[in-house]
Protein chains: 2
Amino acid sequence: MPKIKVGLVQMSCTANKEDNLKKAIAKVKEAAADGAQIICLQELFTSLYFCDVEEYDNFKLAEPVPGPSSEAMSRTAKELGVVIIASLFEKRTEGIYHNTTAVLDADGTYLGKYRKMHIPDDPSYYEKFYFTPGDLGYKVFKTKFATIGVLICWDQWYPEAARITSLMGAEILFYPTAIGWHHTQDDETNSEQYNAWQTIQRSHAVANGLHVVSVNRVGLEQNGDMKFWGGSFVANPLGTLIYKASHDKEEVKVVEIDTSKTDSYRTHWPFLRDRRIDSYQPITKRFIDQE
Amino acid sequence: MPKIKVGLVQMSCTANKEDNLKKAIAKVKEAAADGAQIICLQELFTSLYFCDVEEYDNFKLAEPVPGPSSEAMSRTAKELGVVIIASLFEKRTEGIYHNTTAVLDADGTYLGKYRKMHIPDDPSYYEKFYFTPGDLGYKVFKTKFATIGVLICWDQWYPEAARITSLMGAEILFYPTAIGWHHTQDDETNSEQYNAWQTIQRSHAVANGLHVVSVNRVGLEQNGDMKFWGGSFVANPLGTLIYKASHDKEEVKVVEIDTSKTDSYRTHWPFLRDRRIDSYQPITKRFIDQE
């Protein structure tokens, strides 16, 4: 199935979990009606981005995975015959919570989950308070339409994560994400940050010779202090953008990806052939002290 | 010495090795006169890019490193009080040749060499015929002005090389390089290729929170069949270009880099803090077969 239609759902959220879930399902249906086969939702689409504060009550937003929200998505996937990539707040057990993405196959089958490996902690992004770092390692999912890799937000800054997921056979890398601009920042800073974010992900497409799909949250949250910057995109294996969403509004977009060209990309620029795997062991170090 | 002036010498070459060396020295002097402290020459600046053919006579272009060309650069470095990064064709012994970069300190001291680890082989870039893959691993050099990392051309496509060199303490990454457009390509292809090349290197700046300096060959070679695309650049730790050379002409440029800001970049976007080094072992595999 070389030509695959991927659907990107870039949306805004409210404090009402049920509303967010309904909205997401409506938008998944919209993407499916437009021909999408693999549909990716943004990070933590059932809630506001609650990690701007360290608030114990927010743990109540979590649920098992699989659980109610993934099951709702599973029913939707089956009904529409589409794959759904659903980023959720997972309660694994008392006191262990993860930032987790479930993958539902086109017949509704729960294919498994990926737990975010790299957890940020910055002002307004206090994720280390909520999320235990993932312990499932990197994952690929053999869906009806393609073998896909899924990583989550902060993972996107790590070439190692993209590389390993690609080497596991991912044909497309998906990044559900939630990142934005604080209202105190100027336009130049905003632009530089967005470009850095886009650049690092486009580079994963280049380094690994595959398409990258990044789906970001949009809209104002935190009483207007935070503008999630949208700008979801699809990059081809040379890092060229074949779609980029706006920074200001919700968008449901279907983009066709021709994975039959992947081998051509990878033989014309044969980076994978020439990797010096004998030399990469030091990458498992935190820092390589000299002398 | 947080503020460092780096000099980029983007030049064209001829078949006359002595002329190329003289020209390079003249341009190094020009950069030094403009305040440059660390000056980087493009890949294999003493010759044409000879790897477009597999021709035994071309091995005669090689020399020991250190050897005559690195010694000429050493004298120049001492005379001017500048660091020089000099990419050379190294004859190590009969039948073992490398694509090697020598680093000369500001007092003329030969600080050592890096041997290109990743060797390409594509139509018009038959490097595997000439160059034995590097066996020194990744290297940093403690120069008078900064600890620098040096990688060479094809290495630039590998996030692993940039990461390991950065973890070794590089404050700036330098890439002497030689890449161009074949005359049969159309403008869209050319643009996409240049952008991929720039993107992957800018991503190393982002991932590792340091400045990247890439110095590329310019000019027509191979009877006009190959246009080396110049476009040398400096990217800051957010991947923003603070200089980009033209695609058409020789340029000597001095750019100030403020490495005192590196810690601020790295603490504001603390990617190095959150690396999941427990999970990166699979990166040492060629491919990770499933089942």
# chains A, B, ... in the order shown; residues from 1 in each chain; ligands from 1
call {"tool": "interface_residues", "arguments": {"of": "chain A", "to": "chain B", "cutoff": "6 Å", "atoms": "only C-alpha atoms", "output": "list in words"}}
result
Ile164, Leu167, Met168, Ala196, Ile200, Ser203, Leu238, Gly239, Ile277, Tyr280, Ile283, Thr284, Phe287 and Ile288 of chain A
call {"tool": "write_last_selection", "arguments": {"atoms": "N, CA, C and O atoms", "output": "short mmCIF file (atom, residue, chain, number, x, y, z; two decimals), in the first residue's frame"}}
result
data_model
loop_
_atom_site.label_atom_id
_atom_site.label_comp_id
_atom_site.auth_asym_id
_atom_site.auth_seq_id
_atom_site.Cartn_x
_atom_site.Cartn_y
_atom_site.Cartn_z
N ILE A 164 16.28 5.34 16.07
CA ILE A 164 15.99 3.97 16.52
C ILE A 164 14.61 3.55 16.00
O ILE A 164 14.44 2.42 15.51
N LEU A 167 14.96 2.70 12.42
CA LEU A 167 15.67 1.42 12.21
C LEU A 167 14.78 0.23 12.56
O LEU A 167 15.03 -0.90 12.12
N MET A 168 13.76 0.47 13.35
CA MET A 168 12.82 -0.60 13.68
C MET A 168 11.83 -0.85 12.54
O MET A 168 10.99 -1.73 12.64
N ALA A 196 13.18 26.32 14.87
CA ALA A 196 14.03 25.29 15.48
C ALA A 196 13.25 23.99 15.61
O ALA A 196 13.75 22.89 15.30
N ILE A 200 14.34 20.61 13.50
CA ILE A 200 14.83 19.35 14.08
C ILE A 200 13.99 18.17 13.58
O ILE A 200 14.51 17.09 13.30
N SER A 203 14.79 17.39 10.02
CA SER A 203 16.09 16.69 9.96
C SER A 203 15.93 15.19 10.20
O SER A 203 16.71 14.40 9.68
N LEU A 238 13.35 14.45 2.04
CA LEU A 238 14.42 15.45 1.91
C LEU A 238 14.17 16.64 2.84
O LEU A 238 14.86 17.65 2.77
N GLY A 239 13.15 16.50 3.68
CA GLY A 239 12.88 17.56 4.64
C GLY A 239 12.04 18.69 4.07
O GLY A 239 11.80 19.69 4.75
N ILE A 277 28.37 2.11 12.50
CA ILE A 277 27.80 1.58 13.74
C ILE A 277 28.88 1.13 14.73
O ILE A 277 28.62 1.02 15.92
N TYR A 280 29.47 4.28 17.27
CA TYR A 280 28.40 5.05 17.93
C TYR A 280 28.20 4.73 19.42
O TYR A 280 27.34 5.33 20.07
N ILE A 283 27.45 7.30 22.24
CA ILE A 283 26.18 8.02 22.29
C ILE A 283 25.35 7.60 23.50
O ILE A 283 24.41 8.29 23.90
N THR A 284 25.71 6.49 24.10
CA THR A 284 24.99 6.03 25.30
C THR A 284 25.55 6.68 26.57
O THR A 284 25.14 6.33 27.68
N PHE A 287 27.84 12.41 28.97
CA PHE A 287 28.84 13.36 28.49
C PHE A 287 30.13 12.57 28.43
O PHE A 287 30.30 11.58 29.15
N ILE A 288 31.02 12.97 27.55
CA ILE A 288 32.25 12.22 27.36
C ILE A 288 33.39 13.09 27.84
O ILE A 288 33.93 13.93 27.11
#
call {"tool": "select_by_dssp", "arguments": {"residues": "region 5-250 of chain B", "states": "strand (DSSP E or B)", "output": "count of residues only"}}
result
76
call {"tool": "residues_around", "arguments": {"residues": "Ala245 (chain A)", "least_positions_apart": "2", "cutoff": "12 Å", "atoms": "only C-alpha atoms", "output": "PyMOL selection string"}}
result
chain A and resi 8-11+198+213-218+229-234+241-243+247-255
call {"tool": "write_last_selection", "arguments": {"atoms": "N, CA, C and O atoms", "output": "short mmCIF file (atom, residue, chain, number, x, y, z; two decimals), in the first residue's frame"}}
result
data_model
loop_
_atom_site.label_atom_id
_atom_site.label_comp_id
_atom_site.auth_asym_id
_atom_site.auth_seq_id
_atom_site.Cartn_x
_atom_site.Cartn_y
_atom_site.Cartn_z
N LEU A 8 -4.21 14.92 9.55
CA LEU A 8 -3.70 15.68 10.69
C LEU A 8 -4.86 16.46 11.31
O LEU A 8 -5.55 17.20 10.60
N VAL A 9 -5.05 16.29 12.60
CA VAL A 9 -6.10 17.04 13.30
C VAL A 9 -5.43 18.01 14.28
O VAL A 9 -4.94 17.62 15.33
N GLN A 10 -5.40 19.26 13.87
CA GLN A 10 -4.85 20.33 14.72
C GLN A 10 -6.03 21.07 15.33
O GLN A 10 -6.80 21.70 14.62
N MET A 11 -6.20 20.95 16.65
CA MET A 11 -7.39 21.55 17.25
C MET A 11 -7.08 22.25 18.56
O MET A 11 -6.00 22.13 19.12
N GLN A 198 10.59 23.04 13.90
CA GLN A 198 10.33 22.44 12.59
C GLN A 198 11.62 21.83 12.02
O GLN A 198 11.62 20.73 11.45
N VAL A 213 5.40 13.35 10.15
CA VAL A 213 4.12 14.02 10.33
C VAL A 213 4.05 14.53 11.76
O VAL A 213 4.15 13.74 12.71
N SER A 214 3.94 15.83 11.92
CA SER A 214 3.91 16.42 13.25
C SER A 214 2.58 17.15 13.44
O SER A 214 2.21 17.98 12.61
N VAL A 215 1.88 16.82 14.51
CA VAL A 215 0.54 17.37 14.73
C VAL A 215 0.53 18.11 16.06
O VAL A 215 0.65 17.51 17.13
N ASN A 216 0.39 19.42 15.99
CA ASN A 216 0.51 20.26 17.17
C ASN A 216 -0.83 20.87 17.58
O ASN A 216 -1.70 21.14 16.75
N ARG A 217 -0.96 21.10 18.86
CA ARG A 217 -2.11 21.81 19.44
C ARG A 217 -2.15 23.26 18.95
O ARG A 217 -1.11 23.85 18.65
N VAL A 218 -3.33 23.83 18.93
CA VAL A 218 -3.45 25.25 18.56
C VAL A 218 -4.38 25.94 19.56
O VAL A 218 -5.15 25.27 20.26
N TRP A 229 1.12 26.90 19.16
CA TRP A 229 1.45 27.52 17.87
C TRP A 229 1.02 26.75 16.62
O TRP A 229 1.33 27.18 15.50
N GLY A 230 0.25 25.69 16.80
CA GLY A 230 -0.21 24.98 15.60
C GLY A 230 0.96 24.65 14.69
O GLY A 230 1.96 24.11 15.13
N GLY A 231 0.84 25.03 13.42
CA GLY A 231 1.97 24.85 12.50
C GLY A 231 2.30 23.38 12.27
O GLY A 231 3.45 23.05 11.96
N SER A 232 1.31 22.52 12.42
CA SER A 232 1.48 21.10 12.11
C SER A 232 2.00 20.97 10.68
O SER A 232 1.75 21.84 9.85
N PHE A 233 2.73 19.90 10.41
CA PHE A 233 3.29 19.79 9.06
C PHE A 233 3.58 18.36 8.67
O PHE A 233 3.63 17.45 9.52
N VAL A 234 3.80 18.18 7.37
CA VAL A 234 4.30 16.93 6.82
C VAL A 234 5.56 17.26 6.03
O VAL A 234 5.55 18.18 5.21
N LEU A 241 8.77 20.63 3.17
CA LEU A 241 7.40 20.66 3.68
C LEU A 241 6.43 20.43 2.53
O LEU A 241 6.46 21.15 1.54
N ILE A 242 5.57 19.44 2.68
CA ILE A 242 4.52 19.27 1.68
C ILE A 242 3.18 19.74 2.23
O ILE A 242 2.20 19.81 1.51
N TYR A 243 3.17 20.09 3.50
CA TYR A 243 2.00 20.74 4.10
C TYR A 243 2.45 21.44 5.37
O TYR A 243 3.27 20.91 6.12
N HIS A 247 -0.81 29.00 12.20
CA HIS A 247 -0.50 29.11 13.64
C HIS A 247 -1.73 29.55 14.44
O HIS A 247 -1.64 29.67 15.67
N ASP A 248 -2.81 29.80 13.78
CA ASP A 248 -3.92 30.49 14.44
C ASP A 248 -5.22 29.72 14.51
O ASP A 248 -6.10 30.09 15.28
N LYS A 249 -5.37 28.67 13.68
CA LYS A 249 -6.70 28.08 13.67
C LYS A 249 -6.67 26.55 13.60
O LYS A 249 -5.63 25.94 13.28
N GLU A 250 -7.80 25.99 13.91
CA GLU A 250 -7.94 24.54 13.80
C GLU A 250 -7.90 24.14 12.33
O GLU A 250 -8.39 24.87 11.46
N GLU A 251 -7.28 22.99 12.07
CA GLU A 251 -7.23 22.50 10.70
C GLU A 251 -7.31 20.99 10.68
O GLU A 251 -6.67 20.31 11.49
N VAL A 252 -8.10 20.48 9.78
CA VAL A 252 -8.11 19.05 9.48
C VAL A 252 -7.59 18.91 8.06
O VAL A 252 -8.15 19.51 7.13
N LYS A 253 -6.49 18.20 7.90
CA LYS A 253 -5.86 18.15 6.59
C LYS A 253 -5.50 16.70 6.24
O LYS A 253 -5.04 15.96 7.11
N VAL A 254 -5.73 16.34 5.00
CA VAL A 254 -5.34 15.02 4.51
C VAL A 254 -4.22 15.20 3.48
O VAL A 254 -4.36 16.00 2.55
N VAL A 255 -3.15 14.48 3.68
CA VAL A 255 -1.97 14.59 2.81
C VAL A 255 -1.60 13.20 2.32
O VAL A 255 -1.51 12.26 3.11
#
call {"tool": "closest_residue", "arguments": {"among": "A:Tyr175, A:Phe59, A:Phe145, A:Tyr125", "to": "Asp105 (chain A)", "atoms": "only C-alpha atoms"}}
result
A:Phe145
call {"tool": "atom_distance", "arguments": {"atom1": "CA of Ala102 (chain B)", "atom2": "CA of Pro66 (chain B)"}}
result
7.5 Å
call {"tool": "residues_around", "arguments": {"residues": "Asp52 (chain B)", "least_positions_apart": "5", "cutoff": "12 Å", "atoms": "only C-alpha atoms", "output": "PDB file with N, CA and C atoms, in the first residue's frame"}}
result
ATOM      1  N   ASN B  58      45.151   9.933  -9.347  1.00  0.00           N
ATOM      2  CA  ASN B  58      44.746  10.913  -8.334  1.00  0.00           C
ATOM      3  C   ASN B  58      45.332  10.631  -6.949  1.00  0.00           C
ATOM      4  N   PRO B 120      31.140   8.543   1.419  1.00  0.00           N
ATOM      5  CA  PRO B 120      30.062   8.345   0.437  1.00  0.00           C
ATOM      6  C   PRO B 120      30.527   7.563  -0.781  1.00  0.00           C
ATOM      7  N   ASP B 121      29.598   7.127  -1.542  1.00  0.00           N
ATOM      8  CA  ASP B 121      29.862   6.591  -2.871  1.00  0.00           C
ATOM      9  C   ASP B 121      28.573   6.706  -3.665  1.00  0.00           C
ATOM     10  N   ASP B 122      28.560   7.699  -4.504  1.00  0.00           N
ATOM     11  CA  ASP B 122      27.429   7.994  -5.376  1.00  0.00           C
ATOM     12  C   ASP B 122      28.007   8.368  -6.727  1.00  0.00           C
ATOM     13  N   PRO B 123      27.191   8.352  -7.755  1.00  0.00           N
ATOM     14  CA  PRO B 123      27.666   8.851  -9.045  1.00  0.00           C
ATOM     15  C   PRO B 123      28.277  10.249  -8.879  1.00  0.00           C
ATOM     16  N   SER B 124      29.481  10.431  -9.350  1.00  0.00           N
ATOM     17  CA  SER B 124      30.273  11.672  -9.243  1.00  0.00           C
ATOM     18  C   SER B 124      30.920  11.898  -7.876  1.00  0.00           C
ATOM     19  N   TYR B 125      30.683  10.996  -6.946  1.00  0.00           N
ATOM     20  CA  TYR B 125      31.322  11.107  -5.620  1.00  0.00           C
ATOM     21  C   TYR B 125      31.850   9.730  -5.213  1.00  0.00           C
ATOM     22  N   TYR B 126      32.864   9.271  -5.954  1.00  0.00           N
ATOM     23  CA  TYR B 126      33.344   7.900  -5.731  1.00  0.00           C
ATOM     24  C   TYR B 126      34.390   7.862  -4.618  1.00  0.00           C
ATOM     25  N   GLU B 127      34.000   8.280  -3.453  1.00  0.00           N
ATOM     26  CA  GLU B 127      34.991   8.427  -2.385  1.00  0.00           C
ATOM     27  C   GLU B 127      35.445   7.100  -1.805  1.00  0.00           C
ATOM     28  N   LYS B 128      34.590   6.097  -1.879  1.00  0.00           N
ATOM     29  CA  LYS B 128      34.990   4.804  -1.301  1.00  0.00           C
ATOM     30  C   LYS B 128      36.190   4.217  -2.053  1.00  0.00           C
ATOM     31  N   PHE B 129      36.396   4.639  -3.287  1.00  0.00           N
ATOM     32  CA  PHE B 129      37.555   4.195  -4.053  1.00  0.00           C
ATOM     33  C   PHE B 129      38.852   4.759  -3.456  1.00  0.00           C
ATOM     34  N   TYR B 130      38.768   5.995  -2.978  1.00  0.00           N
ATOM     35  CA  TYR B 130      39.991   6.678  -2.522  1.00  0.00           C
ATOM     36  C   TYR B 130      40.239   6.578  -1.015  1.00  0.00           C
ATOM     37  N   ALA B 178      32.332  19.546   0.471  1.00  0.00           N
ATOM     38  CA  ALA B 178      32.398  19.750  -0.985  1.00  0.00           C
ATOM     39  C   ALA B 178      31.200  19.039  -1.588  1.00  0.00           C
ATOM     40  N   ILE B 179      30.191  19.816  -1.902  1.00  0.00           N
ATOM     41  CA  ILE B 179      28.974  19.226  -2.457  1.00  0.00           C
ATOM     42  C   ILE B 179      28.414  20.181  -3.495  1.00  0.00           C
ATOM     43  N   GLY B 180      27.818  19.611  -4.526  1.00  0.00           N
ATOM     44  CA  GLY B 180      27.331  20.483  -5.589  1.00  0.00           C
ATOM     45  C   GLY B 180      26.187  19.876  -6.376  1.00  0.00           C
ATOM     46  N   HIS B 182      24.730  18.651 -10.059  1.00  0.00           N
ATOM     47  CA  HIS B 182      25.060  18.222 -11.405  1.00  0.00           C
ATOM     48  C   HIS B 182      24.289  19.095 -12.385  1.00  0.00           C
ATOM     49  N   GLU B 221      33.356  22.612 -11.824  1.00  0.00           N
ATOM     50  CA  GLU B 221      34.441  21.652 -12.061  1.00  0.00           C
ATOM     51  C   GLU B 221      33.906  20.596 -13.027  1.00  0.00           C
ATOM     52  N   GLN B 222      34.750  19.613 -13.340  1.00  0.00           N
ATOM     53  CA  GLN B 222      34.320  18.507 -14.213  1.00  0.00           C
ATOM     54  C   GLN B 222      33.774  19.040 -15.546  1.00  0.00           C
ATOM     55  N   ASN B 223      34.539  19.934 -16.155  1.00  0.00           N
ATOM     56  CA  ASN B 223      34.140  20.528 -17.436  1.00  0.00           C
ATOM     57  C   ASN B 223      32.772  21.194 -17.376  1.00  0.00           C
ATOM     58  N   ASP B 225      30.285  20.238 -15.608  1.00  0.00           N
ATOM     59  CA  ASP B 225      29.183  19.330 -15.267  1.00  0.00           C
ATOM     60  C   ASP B 225      28.746  19.488 -13.806  1.00  0.00           C
ATOM     61  N   MET B 226      29.671  19.905 -12.963  1.00  0.00           N
ATOM     62  CA  MET B 226      29.366  19.995 -11.532  1.00  0.00           C
ATOM     63  C   MET B 226      29.566  21.425 -11.052  1.00  0.00           C
TER      64      MET B 226
END
call {"tool": "atom_distance", "arguments": {"atom1": "CA of Val28 (chain B)", "atom2": "CA of Leu44 (chain B)"}}
result
15.1 Å
call {"tool": "residues_around", "arguments": {"residues": "Tyr110 (chain B)", "least_positions_apart": "2", "cutoff": "10 Å", "atoms": "only C-alpha atoms", "output": "JSON, numbers by chain"}}
result
{"B": [65, 66, 70, 71, 73, 74, 77, 83, 84, 102, 103, 104, 105, 106, 107, 108, 112, 113]}
call {"tool": "residues_around", "arguments": {"residues": "Lys23 (chain A)", "least_positions_apart": "4", "cutoff": "10 Å", "atoms": "only C-alpha atoms", "output": "PyMOL selection string"}}
result
chain A and resi 11-13+17-19+27-29+45-46
call {"tool": "select_by_dssp", "arguments": {"residues": "region 44-230 of chain A", "states": "helix (DSSP H, G or I)", "output": "ChimeraX atom specification"}}
result
/A:50-52,56-61,68-80,127-130,153-157,159-167,187-208
call {"tool": "closest_residue", "arguments": {"among": "B:Leu88, B:Leu111, B:Leu61, B:Val82", "to": "Pro176 (chain B)", "atoms": "only C-alpha atoms"}}
result
B:Leu88
call {"tool": "atom_distance", "arguments": {"atom1": "CA of Leu173 (chain A)", "atom2": "CA of Ile152 (chain B)"}}
result
28.1 Å
call {"tool": "closest_residue", "arguments": {"among": "B:Ala86, B:Ala24, B:Leu210, B:Ala62", "to": "Thr147 (chain B)", "atoms": "only C-alpha atoms"}}
result
B:Leu210
call {"tool": "residues_around", "arguments": {"residues": "Thr262 (chain A)", "least_positions_apart": "2", "cutoff": "8 Å", "atoms": "only C-alpha atoms", "output": "list in words"}}
result
Gly209, Leu210, Pro237, Asp258, Thr259, Ser260, Ser264, Tyr265 and Arg266 of chain A
call {"tool": "write_last_selection", "arguments": {"atoms": "N, CA and C atoms", "output": "short mmCIF file (atom, residue, chain, number, x, y, z; two decimals), in the first residue's frame"}}
result
data_model
loop_
_atom_site.label_atom_id
_atom_site.label_comp_id
_atom_site.auth_asym_id
_atom_site.auth_seq_id
_atom_site.Cartn_x
_atom_site.Cartn_y
_atom_site.Cartn_z
N GLY A 209 15.44 9.17 5.91
CA GLY A 209 14.84 8.89 4.61
C GLY A 209 13.39 8.45 4.70
N LEU A 210 12.61 9.18 5.45
CA LEU A 210 11.17 8.86 5.54
C LEU A 210 10.37 10.15 5.75
N PRO A 237 11.07 12.94 2.64
CA PRO A 237 12.39 12.45 3.09
C PRO A 237 13.57 13.37 2.76
N ASP A 258 3.67 9.02 -0.54
CA ASP A 258 3.98 7.88 -1.40
C ASP A 258 5.21 7.14 -0.85
N THR A 259 4.95 6.14 -0.04
CA THR A 259 6.08 5.43 0.59
C THR A 259 6.80 4.52 -0.41
N SER A 260 6.26 4.34 -1.59
CA SER A 260 6.98 3.54 -2.59
C SER A 260 8.24 4.27 -3.04
N SER A 264 13.87 4.77 -3.15
CA SER A 264 14.59 5.66 -4.07
C SER A 264 15.30 6.78 -3.31
N TYR A 265 14.59 7.40 -2.36
CA TYR A 265 15.24 8.42 -1.53
C TYR A 265 16.48 7.83 -0.85
N ARG A 266 16.32 6.65 -0.29
CA ARG A 266 17.39 6.09 0.53
C ARG A 266 18.55 5.51 -0.28
#
call {"tool": "decode", "arguments": {"residues": "region 28-82 of chain B", "atoms": "C-alpha atoms", "output": "PDB file, in the first residue's frame"}}
result
ATOM      1  CA  VAL B  28      43.349  32.878   5.350  1.00  0.00           C
ATOM      2  CA  LYS B  29      45.391  36.082   5.621  1.00  0.00           C
ATOM      3  CA  GLU B  30      42.394  38.061   4.423  1.00  0.00           C
ATOM      4  CA  ALA B  31      40.205  36.469   7.084  1.00  0.00           C
ATOM      5  CA  ALA B  32      42.843  37.057   9.759  1.00  0.00           C
ATOM      6  CA  ALA B  33      43.158  40.690   8.732  1.00  0.00           C
ATOM      7  CA  ASP B  34      39.425  40.952   9.264  1.00  0.00           C
ATOM      8  CA  GLY B  35      39.802  39.615  12.810  1.00  0.00           C
ATOM      9  CA  ALA B  36      39.198  35.885  12.359  1.00  0.00           C
ATOM     10  CA  GLN B  37      40.616  33.678  15.102  1.00  0.00           C
ATOM     11  CA  ILE B  38      39.573  30.211  13.907  1.00  0.00           C
ATOM     12  CA  ILE B  39      39.606  29.822  10.134  1.00  0.00           C
ATOM     13  CA  CYS B  40      38.083  26.886   8.309  1.00  0.00           C
ATOM     14  CA  LEU B  41      38.862  25.892   4.737  1.00  0.00           C
ATOM     15  CA  GLN B  42      36.592  23.744   2.601  1.00  0.00           C
ATOM     16  CA  GLU B  43      37.081  20.020   2.041  1.00  0.00           C
ATOM     17  CA  LEU B  44      40.164  19.077  -0.004  1.00  0.00           C
ATOM     18  CA  PHE B  45      41.034  22.700  -0.759  1.00  0.00           C
ATOM     19  CA  THR B  46      44.414  21.855  -2.293  1.00  0.00           C
ATOM     20  CA  SER B  47      42.863  20.154  -5.321  1.00  0.00           C
ATOM     21  CA  LEU B  48      39.878  19.855  -7.552  1.00  0.00           C
ATOM     22  CA  TYR B  49      37.251  17.516  -6.176  1.00  0.00           C
ATOM     23  CA  PHE B  50      38.869  14.544  -7.904  1.00  0.00           C
ATOM     24  CA  CYS B  51      36.449  11.855  -6.712  1.00  0.00           C
ATOM     25  CA  ASP B  52      34.198  12.295  -9.748  1.00  0.00           C
ATOM     26  CA  VAL B  53      36.280   9.561 -11.377  1.00  0.00           C
ATOM     27  CA  GLU B  54      38.116   6.479 -10.182  1.00  0.00           C
ATOM     28  CA  GLU B  55      41.562   7.360 -11.458  1.00  0.00           C
ATOM     29  CA  TYR B  56      44.718   5.837  -9.975  1.00  0.00           C
ATOM     30  CA  ASP B  57      46.803   8.908 -10.792  1.00  0.00           C
ATOM     31  CA  ASN B  58      44.746  10.913  -8.334  1.00  0.00           C
ATOM     32  CA  PHE B  59      46.369   9.082  -5.433  1.00  0.00           C
ATOM     33  CA  LYS B  60      49.461  11.157  -6.244  1.00  0.00           C
ATOM     34  CA  LEU B  61      47.633  14.164  -4.837  1.00  0.00           C
ATOM     35  CA  ALA B  62      47.874  12.680  -1.349  1.00  0.00           C
ATOM     36  CA  GLU B  63      50.534  13.465   1.216  1.00  0.00           C
ATOM     37  CA  PRO B  64      51.274  12.644   4.823  1.00  0.00           C
ATOM     38  CA  VAL B  65      49.448  14.542   7.576  1.00  0.00           C
ATOM     39  CA  PRO B  66      51.358  16.220   9.067  1.00  0.00           C
ATOM     40  CA  GLY B  67      53.174  16.880   5.813  1.00  0.00           C
ATOM     41  CA  PRO B  68      53.991  19.674   3.399  1.00  0.00           C
ATOM     42  CA  SER B  69      50.527  21.252   3.191  1.00  0.00           C
ATOM     43  CA  SER B  70      49.739  21.041   6.896  1.00  0.00           C
ATOM     44  CA  GLU B  71      53.195  22.456   7.600  1.00  0.00           C
ATOM     45  CA  ALA B  72      52.557  25.370   5.265  1.00  0.00           C
ATOM     46  CA  MET B  73      49.304  25.969   7.137  1.00  0.00           C
ATOM     47  CA  SER B  74      51.106  25.638  10.439  1.00  0.00           C
ATOM     48  CA  ARG B  75      53.530  28.399   9.449  1.00  0.00           C
ATOM     49  CA  THR B  76      50.611  30.543   8.345  1.00  0.00           C
ATOM     50  CA  ALA B  77      48.769  29.911  11.593  1.00  0.00           C
ATOM     51  CA  LYS B  78      51.829  30.903  13.620  1.00  0.00           C
ATOM     52  CA  GLU B  79      52.504  33.984  11.512  1.00  0.00           C
ATOM     53  CA  LEU B  80      48.936  35.218  11.899  1.00  0.00           C
ATOM     54  CA  GLY B  81      48.195  33.901  15.377  1.00  0.00           C
ATOM     55  CA  VAL B  82      45.095  32.072  14.163  1.00  0.00           C
TER      56      VAL B  82
END
